[in-house]
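Below is input12.cif, which holds mmCIF, C-alpha atoms, pLDDT in the B column; chains and numbers go by the auth columns.
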```cif
data_work
#
loop_
_atom_site.group_PDB
_atom_site.id
_atom_site.type_symbol
_atom_site.label_atom_id
_atom_site.label_comp_id
_atom_site.label_asym_id
_atom_site.label_seq_id
_atom_site.Cartn_x
_atom_site.Cartn_y
_atom_site.Cartn_z
_atom_site.B_iso_or_equiv
_atom_site.auth_seq_id
_atom_site.auth_asym_id
ATOM 1 C CA MET A 1 -11.497 2.311 -9.386 68.00 1 A
ATOM 2 C CA ASN A 2 -10.811 5.975 -8.789 81.00 2 A
ATOM 3 C CA PHE A 3 -7.527 7.835 -9.052 82.00 3 A
ATOM 4 C CA LEU A 4 -6.767 7.740 -5.336 86.00 4 A
ATOM 5 C CA SER A 5 -7.177 3.955 -5.129 88.00 5 A
ATOM 6 C CA ILE A 6 -4.879 3.372 -8.102 87.00 6 A
ATOM 7 C CA SER A 7 -2.353 5.836 -6.687 89.00 7 A
ATOM 8 C CA GLY A 8 -2.526 4.143 -3.279 91.00 8 A
ATOM 9 C CA ILE A 9 -1.882 0.709 -4.779 91.00 9 A
ATOM 10 C CA THR A 10 1.022 2.034 -6.863 90.00 10 A
ATOM 11 C CA LEU A 11 2.476 3.815 -3.848 92.00 11 A
ATOM 12 C CA ALA A 12 2.168 0.611 -1.796 93.00 12 A
ATOM 13 C CA VAL A 13 4.142 -1.292 -4.442 92.00 13 A
ATOM 14 C CA ILE A 14 6.843 1.416 -4.485 93.00 14 A
ATOM 15 C CA LEU A 15 7.096 1.372 -0.687 94.00 15 A
ATOM 16 C CA THR A 16 7.309 -2.440 -0.693 93.00 16 A
ATOM 17 C CA SER A 17 10.173 -2.291 -3.191 93.00 17 A
ATOM 18 C CA ILE A 18 12.007 0.270 -1.044 93.00 18 A
ATOM 19 C CA GLY A 19 11.504 -1.917 2.036 93.00 19 A
ATOM 20 C CA LEU A 20 12.802 -4.987 0.197 92.00 20 A
ATOM 21 C CA TYR A 21 15.805 -2.966 -0.972 91.00 21 A
ATOM 22 C CA GLY A 22 16.531 -1.988 2.624 90.00 22 A
ATOM 23 C CA ILE A 23 16.299 -5.591 3.812 90.00 23 A
ATOM 24 C CA PHE A 24 18.594 -6.861 1.059 88.00 24 A
ATOM 25 C CA LYS A 25 21.077 -4.015 1.330 86.00 25 A
ATOM 26 C CA SER A 26 21.721 -3.608 5.027 84.00 26 A
ATOM 27 C CA ARG A 27 23.328 -5.922 7.568 83.00 27 A
ATOM 28 C CA ASN A 28 22.326 -3.803 10.548 85.00 28 A
ATOM 29 C CA ILE A 29 19.556 -5.556 12.505 86.00 29 A
ATOM 30 C CA ILE A 30 17.742 -2.337 13.375 87.00 30 A
ATOM 31 C CA ARG A 31 17.829 -1.176 9.753 89.00 31 A
ATOM 32 C CA ILE A 32 16.357 -4.529 8.678 90.00 32 A
ATOM 33 C CA LEU A 33 13.605 -4.176 11.314 90.00 33 A
ATOM 34 C CA LEU A 34 12.810 -0.634 10.148 91.00 34 A
ATOM 35 C CA SER A 35 12.711 -1.810 6.511 92.00 35 A
ATOM 36 C CA SER A 36 10.212 -4.507 7.480 92.00 36 A
ATOM 37 C CA GLU A 37 8.134 -1.749 9.099 92.00 37 A
ATOM 38 C CA ILE A 38 8.070 0.038 5.708 94.00 38 A
ATOM 39 C CA ILE A 39 6.616 -3.132 4.155 94.00 39 A
ATOM 40 C CA LEU A 40 4.051 -3.314 6.980 93.00 40 A
ATOM 41 C CA ASN A 41 2.935 0.268 6.314 93.00 41 A
ATOM 42 C CA SER A 42 2.736 -0.392 2.584 94.00 42 A
ATOM 43 C CA SER A 43 0.640 -3.519 3.157 94.00 43 A
ATOM 44 C CA ILE A 44 -1.816 -1.522 5.281 94.00 44 A
ATOM 45 C CA LEU A 45 -1.987 1.169 2.597 94.00 45 A
ATOM 46 C CA PHE A 46 -2.570 -1.501 -0.044 93.00 46 A
ATOM 47 C CA VAL A 47 -5.407 -3.115 1.930 93.00 47 A
ATOM 48 C CA PHE A 48 -7.179 0.215 2.331 93.00 48 A
ATOM 49 C CA SER A 49 -6.664 1.179 -1.323 92.00 49 A
ATOM 50 C CA ALA A 50 -7.983 -2.188 -2.486 91.00 50 A
ATOM 51 C CA GLY A 51 -10.868 -1.971 -0.016 90.00 51 A
ATOM 52 C CA SER A 52 -11.734 1.476 -1.295 89.00 52 A
ATOM 53 C CA ALA A 53 -11.631 0.256 -4.898 87.00 53 A
ATOM 54 C CA LEU A 54 -13.725 -2.853 -4.260 87.00 54 A
ATOM 55 C CA GLY A 55 -16.203 -1.246 -1.881 84.00 55 A
ATOM 56 C CA PHE A 56 -15.191 -2.865 1.415 86.00 56 A
ATOM 57 C CA THR A 57 -15.697 -0.702 4.474 84.00 57 A
ATOM 58 C CA TYR A 58 -15.095 -2.829 7.574 88.00 58 A
ATOM 59 C CA THR A 59 -12.727 -5.539 6.308 89.00 59 A
ATOM 60 C CA PRO A 60 -9.671 -3.256 5.820 90.00 60 A
ATOM 61 C CA ILE A 61 -10.191 -1.672 9.234 91.00 61 A
ATOM 62 C CA LEU A 62 -10.495 -5.022 11.021 91.00 62 A
ATOM 63 C CA PHE A 63 -7.519 -6.467 9.150 91.00 63 A
ATOM 64 C CA SER A 64 -5.366 -3.453 9.934 92.00 64 A
ATOM 65 C CA ILE A 65 -6.299 -3.415 13.626 90.00 65 A
ATOM 66 C CA PHE A 66 -4.994 -6.991 13.913 91.00 66 A
ATOM 67 C CA VAL A 67 -1.898 -6.142 11.865 91.00 67 A
ATOM 68 C CA ILE A 68 -1.089 -3.112 14.039 90.00 68 A
ATOM 69 C CA GLY A 69 -1.510 -5.199 17.209 89.00 69 A
ATOM 70 C CA MET A 70 0.787 -7.910 15.903 89.00 70 A
ATOM 71 C CA ALA A 71 3.278 -5.287 14.675 88.00 71 A
ATOM 72 C CA LEU A 72 3.492 -3.810 18.165 87.00 72 A
ATOM 73 C CA THR A 73 4.102 -7.276 19.597 88.00 73 A
ATOM 74 C CA GLU A 74 6.674 -8.046 16.899 88.00 74 A
ATOM 75 C CA VAL A 75 8.612 -4.854 17.517 87.00 75 A
ATOM 76 C CA ILE A 76 8.827 -5.475 21.263 85.00 76 A
ATOM 77 C CA VAL A 77 9.934 -9.112 20.808 86.00 77 A
ATOM 78 C CA ALA A 78 12.416 -8.104 18.096 87.00 78 A
ATOM 79 C CA PHE A 79 13.938 -5.441 20.303 83.00 79 A
ATOM 80 C CA ALA A 80 14.279 -7.933 23.161 82.00 80 A
ATOM 81 C CA ALA A 81 16.174 -10.234 20.794 84.00 81 A
ATOM 82 C CA ILE A 82 18.298 -7.333 19.503 84.00 82 A
ATOM 83 C CA ILE A 83 19.221 -6.265 23.044 81.00 83 A
ATOM 84 C CA LEU A 84 20.291 -9.826 23.894 81.00 84 A
ATOM 85 C CA TYR A 85 22.288 -10.053 20.643 83.00 85 A
ATOM 86 C CA TYR A 86 23.990 -6.747 21.402 82.00 86 A
ATOM 87 C CA ARG A 87 24.897 -7.922 24.914 80.00 87 A
ATOM 88 C CA LEU A 88 26.413 -11.125 23.544 83.00 88 A
ATOM 89 C CA ARG A 89 28.236 -9.786 20.463 82.00 89 A
ATOM 90 C CA GLY A 90 28.652 -6.082 21.210 79.00 90 A
ATOM 91 C CA LYS A 91 27.597 -5.109 17.681 78.00 91 A
ATOM 92 C CA LEU A 92 24.432 -4.772 15.625 78.00 92 A
ATOM 93 C CA GLU A 93 25.658 -6.196 12.328 79.00 93 A
ATOM 94 C CA VAL A 94 24.711 -9.690 11.246 78.00 94 A
ATOM 95 C CA GLY A 95 26.464 -12.080 8.875 70.00 95 A
ATOM 96 C CA MET B 1 -18.554 33.087 -14.806 53.00 1 B
ATOM 97 C CA SER B 2 -18.213 29.953 -12.738 58.00 2 B
ATOM 98 C CA LEU B 3 -15.058 29.093 -10.892 58.00 3 B
ATOM 99 C CA PRO B 4 -13.497 25.706 -11.661 58.00 4 B
ATOM 100 C CA ILE B 5 -14.031 23.091 -8.954 59.00 5 B
ATOM 101 C CA ILE B 6 -10.629 22.217 -7.545 61.00 6 B
ATOM 102 C CA ASP B 7 -10.262 18.729 -6.124 79.00 7 B
ATOM 103 C CA VAL B 8 -8.368 19.278 -2.871 81.00 8 B
ATOM 104 C CA GLU B 9 -7.849 15.614 -2.061 83.00 9 B
ATOM 105 C CA THR B 10 -5.687 14.721 -5.057 86.00 10 B
ATOM 106 C CA PRO B 11 -2.870 17.286 -4.496 89.00 11 B
ATOM 107 C CA ILE B 12 -2.775 16.461 -0.785 90.00 12 B
ATOM 108 C CA PHE B 13 -2.636 12.749 -1.640 90.00 13 B
ATOM 109 C CA ILE B 14 0.263 13.335 -4.053 90.00 14 B
ATOM 110 C CA LEU B 15 2.068 15.527 -1.497 92.00 15 B
ATOM 111 C CA PHE B 16 1.830 12.964 1.303 92.00 16 B
ATOM 112 C CA GLY B 17 2.670 10.174 -1.148 92.00 17 B
ATOM 113 C CA ALA B 18 5.902 12.029 -1.932 93.00 18 B
ATOM 114 C CA PHE B 19 6.500 12.478 1.810 92.00 19 B
ATOM 115 C CA SER B 20 6.075 8.755 2.405 93.00 20 B
ATOM 116 C CA VAL B 21 8.488 7.785 -0.392 93.00 21 B
ATOM 117 C CA ALA B 22 11.060 10.331 0.865 94.00 22 B
ATOM 118 C CA ALA B 23 10.705 9.039 4.436 93.00 23 B
ATOM 119 C CA ALA B 24 11.133 5.432 3.253 94.00 24 B
ATOM 120 C CA LEU B 25 14.293 6.403 1.336 93.00 25 B
ATOM 121 C CA VAL B 26 15.691 8.122 4.458 92.00 26 B
ATOM 122 C CA ILE B 27 14.939 4.969 6.486 91.00 27 B
ATOM 123 C CA VAL B 28 16.822 2.802 3.999 91.00 28 B
ATOM 124 C CA ASN B 29 19.733 5.143 3.223 88.00 29 B
ATOM 125 C CA GLY B 30 20.224 7.189 6.416 85.00 30 B
ATOM 126 C CA LYS B 31 23.646 7.069 8.078 83.00 31 B
ATOM 127 C CA ASN B 32 22.249 7.082 11.609 83.00 32 B
ATOM 128 C CA VAL B 33 19.554 4.578 12.580 85.00 33 B
ATOM 129 C CA PHE B 34 17.991 6.990 15.074 84.00 34 B
ATOM 130 C CA TYR B 35 17.074 9.374 12.254 87.00 35 B
ATOM 131 C CA SER B 36 15.726 6.396 10.334 88.00 36 B
ATOM 132 C CA ALA B 37 13.415 5.675 13.281 88.00 37 B
ATOM 133 C CA ILE B 38 12.238 9.293 13.261 89.00 38 B
ATOM 134 C CA SER B 39 11.602 8.955 9.512 91.00 39 B
ATOM 135 C CA LEU B 40 9.493 5.884 10.266 91.00 40 B
ATOM 136 C CA GLY B 41 7.276 8.212 12.301 90.00 41 B
ATOM 137 C CA VAL B 42 6.969 10.536 9.299 91.00 42 B
ATOM 138 C CA LEU B 43 6.095 7.522 7.138 93.00 43 B
ATOM 139 C CA GLY B 44 3.425 6.446 9.645 92.00 44 B
ATOM 140 C CA ILE B 45 1.868 9.916 9.696 92.00 45 B
ATOM 141 C CA SER B 46 1.893 10.073 5.881 93.00 46 B
ATOM 142 C CA VAL B 47 0.251 6.638 5.583 93.00 47 B
ATOM 143 C CA ALA B 48 -2.421 7.669 8.113 93.00 48 B
ATOM 144 C CA VAL B 49 -3.216 10.787 6.062 92.00 49 B
ATOM 145 C CA LEU B 50 -3.306 8.769 2.822 93.00 50 B
ATOM 146 C CA ILE B 51 -5.718 6.249 4.371 92.00 51 B
ATOM 147 C CA ALA B 52 -7.979 9.045 5.600 91.00 52 B
ATOM 148 C CA LEU B 53 -8.001 10.620 2.122 90.00 53 B
ATOM 149 C CA LEU B 54 -9.092 7.374 0.447 89.00 54 B
ATOM 150 C CA ASP B 55 -12.507 7.441 2.133 86.00 55 B
ATOM 151 C CA PRO B 56 -12.787 10.091 4.871 85.00 56 B
ATOM 152 C CA ALA B 57 -16.200 8.963 6.089 84.00 57 B
ATOM 153 C CA ALA B 58 -15.218 5.340 6.644 85.00 58 B
ATOM 154 C CA TYR B 59 -11.468 5.248 7.177 88.00 59 B
ATOM 155 C CA ALA B 60 -10.900 8.331 9.360 87.00 60 B
ATOM 156 C CA VAL B 61 -11.420 6.222 12.499 87.00 61 B
ATOM 157 C CA TYR B 62 -8.626 3.867 11.549 90.00 62 B
ATOM 158 C CA SER B 63 -6.440 6.791 10.536 91.00 63 B
ATOM 159 C CA VAL B 64 -6.646 8.165 14.075 90.00 64 B
ATOM 160 C CA LEU B 65 -5.953 4.681 15.440 89.00 65 B
ATOM 161 C CA HIS B 66 -2.894 4.409 13.199 90.00 66 B
ATOM 162 C CA LEU B 67 -1.583 7.717 14.489 90.00 67 B
ATOM 163 C CA LEU B 68 -2.182 6.853 18.127 88.00 68 B
ATOM 164 C CA LEU B 69 -1.175 3.202 18.173 86.00 69 B
ATOM 165 C CA TYR B 70 1.488 2.974 15.487 87.00 70 B
ATOM 166 C CA VAL B 71 3.163 6.368 15.467 87.00 71 B
ATOM 167 C CA GLY B 72 2.439 7.096 19.123 86.00 72 B
ATOM 168 C CA ALA B 73 3.433 3.730 20.541 83.00 73 B
ATOM 169 C CA THR B 74 5.504 1.652 18.138 82.00 74 B
ATOM 170 C CA VAL B 75 7.684 4.347 16.587 83.00 75 B
ATOM 171 C CA VAL B 76 8.251 6.115 19.892 82.00 76 B
ATOM 172 C CA PHE B 77 9.170 2.759 21.458 82.00 77 B
ATOM 173 C CA ILE B 78 11.720 2.115 18.697 83.00 78 B
ATOM 174 C CA ALA B 79 13.202 5.612 18.980 81.00 79 B
ATOM 175 C CA ILE B 80 13.547 5.407 22.770 80.00 80 B
ATOM 176 C CA SER B 81 14.976 1.873 22.638 79.00 81 B
ATOM 177 C CA LEU B 82 17.694 2.995 20.218 80.00 82 B
ATOM 178 C CA VAL B 83 19.115 5.218 22.963 77.00 83 B
ATOM 179 C CA LEU B 84 20.266 1.995 24.685 74.00 84 B
ATOM 180 C CA PHE B 85 22.763 1.242 21.944 73.00 85 B
ATOM 181 C CA ARG B 86 26.122 2.826 21.295 66.00 86 B
ATOM 182 C CA GLY B 87 27.518 3.319 17.834 61.00 87 B
ATOM 183 C CA LEU B 88 24.366 3.665 15.784 61.00 88 B
ATOM 184 C CA GLN B 89 26.318 4.702 12.690 63.00 89 B
ATOM 185 C CA VAL B 90 25.577 2.050 10.106 63.00 90 B
ATOM 186 C CA GLN B 91 28.326 0.450 8.044 62.00 91 B
ATOM 187 C CA GLU B 92 27.173 -0.274 4.516 62.00 92 B
ATOM 188 C CA TYR B 93 28.726 -3.107 2.571 63.00 93 B
ATOM 189 C CA GLY B 94 27.526 -2.130 -0.905 63.00 94 B
ATOM 190 C CA VAL B 95 25.409 -5.104 -1.908 70.00 95 B
ATOM 191 C CA ARG B 96 25.115 -4.605 -5.661 73.00 96 B
ATOM 192 C CA TRP B 97 22.225 -6.960 -6.373 75.00 97 B
ATOM 193 C CA ALA B 98 19.889 -5.376 -3.775 74.00 98 B
ATOM 194 C CA ALA B 99 18.446 -2.632 -6.004 78.00 99 B
ATOM 195 C CA PRO B 100 17.785 -4.796 -9.125 79.00 100 B
ATOM 196 C CA ILE B 101 16.256 -7.615 -7.066 79.00 101 B
ATOM 197 C CA ALA B 102 13.963 -5.182 -5.210 78.00 102 B
ATOM 198 C CA THR B 103 12.927 -3.559 -8.516 81.00 103 B
ATOM 199 C CA ILE B 104 12.161 -6.917 -10.152 82.00 104 B
ATOM 200 C CA MET B 105 10.142 -8.033 -7.118 79.00 105 B
ATOM 201 C CA GLY B 106 8.225 -4.748 -7.192 80.00 106 B
ATOM 202 C CA ILE B 107 7.391 -5.207 -10.890 81.00 107 B
ATOM 203 C CA ILE B 108 6.255 -8.802 -10.262 81.00 108 B
ATOM 204 C CA LEU B 109 4.114 -7.592 -7.342 76.00 109 B
ATOM 205 C CA LEU B 110 2.521 -4.865 -9.475 78.00 110 B
ATOM 206 C CA ALA B 111 1.808 -7.355 -12.279 77.00 111 B
ATOM 207 C CA ALA B 112 0.205 -9.771 -9.807 74.00 112 B
ATOM 208 C CA ILE B 113 -1.964 -6.979 -8.384 76.00 113 B
ATOM 209 C CA ILE B 114 -3.074 -5.833 -11.860 76.00 114 B
ATOM 210 C CA LEU B 115 -3.952 -9.414 -12.853 72.00 115 B
ATOM 211 C CA SER B 116 -5.939 -10.082 -9.685 72.00 116 B
ATOM 212 C CA PHE B 117 -7.727 -6.725 -9.879 70.00 117 B
ATOM 213 C CA SER B 118 -8.700 -7.149 -13.517 70.00 118 B
ATOM 214 C CA SER B 119 -10.701 -10.272 -12.574 65.00 119 B
ATOM 215 C CA SER B 120 -12.166 -8.656 -9.428 61.00 120 B
ATOM 216 C CA ILE B 121 -13.351 -5.534 -11.214 58.00 121 B
ATOM 217 C CA THR B 122 -15.218 -7.514 -13.856 55.00 122 B
ATOM 218 C CA ALA B 123 -16.927 -9.527 -11.110 52.00 123 B
ATOM 219 C CA SER B 124 -18.125 -6.456 -9.189 52.00 124 B
ATOM 220 C CA ASN B 125 -18.416 -3.594 -11.614 52.00 125 B
ATOM 221 C CA SER B 126 -19.291 -0.524 -9.568 51.00 126 B
ATOM 222 C CA PRO B 127 -18.995 -1.124 -5.834 55.00 127 B
ATOM 223 C CA ILE B 128 -21.078 1.046 -3.540 54.00 128 B
ATOM 224 C CA PRO B 129 -19.559 1.038 -0.066 58.00 129 B
ATOM 225 C CA PRO B 130 -22.065 0.870 2.785 62.00 130 B
ATOM 226 C CA SER B 131 -22.183 3.718 5.274 73.00 131 B
ATOM 227 C CA PHE B 132 -19.800 3.442 8.201 76.00 132 B
ATOM 228 C CA ASN B 133 -21.129 2.619 11.655 81.00 133 B
ATOM 229 C CA LEU B 134 -18.812 2.302 14.656 83.00 134 B
ATOM 230 C CA SER B 135 -21.129 -0.053 16.540 86.00 135 B
ATOM 231 C CA VAL B 136 -21.121 -2.459 13.572 86.00 136 B
ATOM 232 C CA LEU B 137 -17.324 -2.387 13.607 85.00 137 B
ATOM 233 C CA SER B 138 -17.160 -3.197 17.317 87.00 138 B
ATOM 234 C CA GLN B 139 -19.761 -5.943 16.918 88.00 139 B
ATOM 235 C CA GLN B 140 -17.750 -7.539 14.130 87.00 140 B
ATOM 236 C CA LEU B 141 -14.604 -7.242 16.217 86.00 141 B
ATOM 237 C CA LEU B 142 -16.109 -8.841 19.318 88.00 142 B
ATOM 238 C CA ILE B 143 -18.562 -11.353 17.801 89.00 143 B
ATOM 239 C CA LYS B 144 -17.366 -12.370 14.343 89.00 144 B
ATOM 240 C CA TYR B 145 -13.623 -11.977 14.914 89.00 145 B
ATOM 241 C CA TRP B 146 -13.491 -12.818 18.622 91.00 146 B
ATOM 242 C CA PHE B 147 -10.680 -15.359 18.296 92.00 147 B
ATOM 243 C CA PRO B 148 -8.112 -13.053 16.617 90.00 148 B
ATOM 244 C CA THR B 149 -9.042 -10.379 19.150 90.00 149 B
ATOM 245 C CA ILE B 150 -8.230 -12.751 22.021 92.00 150 B
ATOM 246 C CA ILE B 151 -4.953 -13.709 20.321 91.00 151 B
ATOM 247 C CA ILE B 152 -3.964 -10.035 20.061 90.00 152 B
ATOM 248 C CA ILE B 153 -4.867 -9.396 23.707 90.00 153 B
ATOM 249 C CA VAL B 154 -2.839 -12.405 24.878 92.00 154 B
ATOM 250 C CA ALA B 155 0.112 -11.412 22.667 89.00 155 B
ATOM 251 C CA LEU B 156 0.152 -7.867 24.019 87.00 156 B
ATOM 252 C CA ALA B 157 -0.097 -9.137 27.618 89.00 157 B
ATOM 253 C CA THR B 158 2.783 -11.546 26.948 88.00 158 B
ATOM 254 C CA THR B 159 4.972 -8.777 25.586 85.00 159 B
ATOM 255 C CA LEU B 160 4.195 -6.708 28.669 83.00 160 B
ATOM 256 C CA VAL B 161 5.481 -9.539 30.881 86.00 161 B
ATOM 257 C CA GLU B 162 8.511 -9.944 28.612 81.00 162 B
ATOM 258 C CA ALA B 163 9.328 -6.243 28.796 76.00 163 B
ATOM 259 C CA ILE B 164 9.159 -6.302 32.601 80.00 164 B
ATOM 260 C CA THR B 165 11.403 -9.403 32.696 80.00 165 B
ATOM 261 C CA LEU B 166 13.977 -7.796 30.406 73.00 166 B
ATOM 262 C CA ALA B 167 13.956 -4.556 32.352 70.00 167 B
ATOM 263 C CA ARG B 168 14.600 -6.357 35.657 73.00 168 B
ATOM 264 C CA ARG B 169 17.413 -8.544 34.298 66.00 169 B
ATOM 265 C CA ASP B 170 20.986 -7.420 35.026 57.00 170 B
#
```
Can you present the structure in this file as structure tokens?
Amino acid sequence: MNFLSISGITLAVILTSIGLYGIFKSRNIIRILLSSEIILNSSILFVFSAGSALGFTYTPILFSIFVIGMALTEVIVAFAAIILYYRLRGKLEVG
Amino acid sequence: MSLPIIDVETPIFILFGAFSVAAALVIVNGKNVFYSAISLGVLGISVAVLIALLDPAAYAVYSVLHLLLYVGATVVFIAISLVLFRGLQVQEYGVRWAAPIATIMGIILLAAIILSFSSSITASNSPIPPSFNLSVLSQQLLIKYWFPTIIIIVALATTLVEAITLARRD
């Protein structure tokens, strides 16, 4: 394992913790969605760092292509739900 | 007298790592959600640069894809959609247990990664990555992983229909 791989994995863990903090802390739906996007980015960074450390070339790329596609779908569906929630309640806070 | 060889990748990696952490903190702590969405774009760009620095020969293709598809489509979509809402100032309720819980979960995650990697590294001592070939990647995508590819295509087509339906609804 080289320095960049170890740094990438450590950075991914830090970003995941920040994303979890955002999810736990906020009650705003959009903030929660954005915090989940931080975790998504950190997971992609982790997969590439681990792939670089273990010598995988194609697996991280294929995995991340599927993850990015599903993330795009998830964001659009989530925003549809948020728009409907906002029309019904007139606010973006939950709980 | 020979000049010392300066590794350019490591300082750039540290710089963009700091950018990504700062952008994530702005996303979590920003007062206005629109600026948080803009910071998500900065985070996406930083992650793309970090991925490219890990192995430029193999991962540069995905780095470009990340910039185009994630930053160019997803983040811009979020930022434009936020214009639809009024009152984007976020009220914070001061949840005290959020920071300790997130820290503990991060430590557990790091410990799990170290444990799993210690066994993997002993199994494969010095990995030599094969050279990158774009045609091999597309073959794997269309032949070996054809089913997930179809699922992604169907999901994206479904969201297109959903977006049109939402846009036409009063």
Resolved residues for the PyMOL selection byres ((chain A) within 8 of (chain B)) as a VMD selection string: chain A and resid 4 to 5 8 10 to 11 13 to 22 24 to 28 30 to 31 34 to 35 37 to 38 41 45 48 to 49 52 to 58 61 to 62 65 to 66 68 to 70 72 to 73 75 to 77 79 to 80
Gap from atom CA of Phe16 of chain B to atom CA of Val42 of chain B - Å, one decimal: 9.8 Å
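Within 6 Å of the file-frame point (-9.1, -4.7, 4.3), and using all atoms listed in the file, the polymer residues found are Val47, Phe48, Gly51, Thr59, Pro60, Ile61 and Phe63 of chain A.
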For the selection just defined, write its residues with C-alpha atoms to a file, as a short mmCIF file (atom, residue, chain, number, x, y, z; two decimals), in the frame of the given file.
```
data_model
loop_
_atom_site.label_atom_id
_atom_site.label_comp_id
_atom_site.auth_asym_id
_atom_site.auth_seq_id
_atom_site.Cartn_x
_atom_site.Cartn_y
_atom_site.Cartn_z
CA VAL A 47 -5.41 -3.12 1.93
CA PHE A 48 -7.18 0.22 2.33
CA GLY A 51 -10.87 -1.97 -0.02
CA THR A 59 -12.73 -5.54 6.31
CA PRO A 60 -9.67 -3.26 5.82
CA ILE A 61 -10.19 -1.67 9.23
CA PHE A 63 -7.52 -6.47 9.15
#
```
Pick from A:Phe46, A:Ala78, A:Ile29, A:Val67 nearest to Glu93 of chain A, counting all atoms listed in the file: A:Ile29
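The two atoms in question, atom CA of Gly72 of chain B and atom CA of Ile45 of chain B, are spaced 9.9 Å apart.
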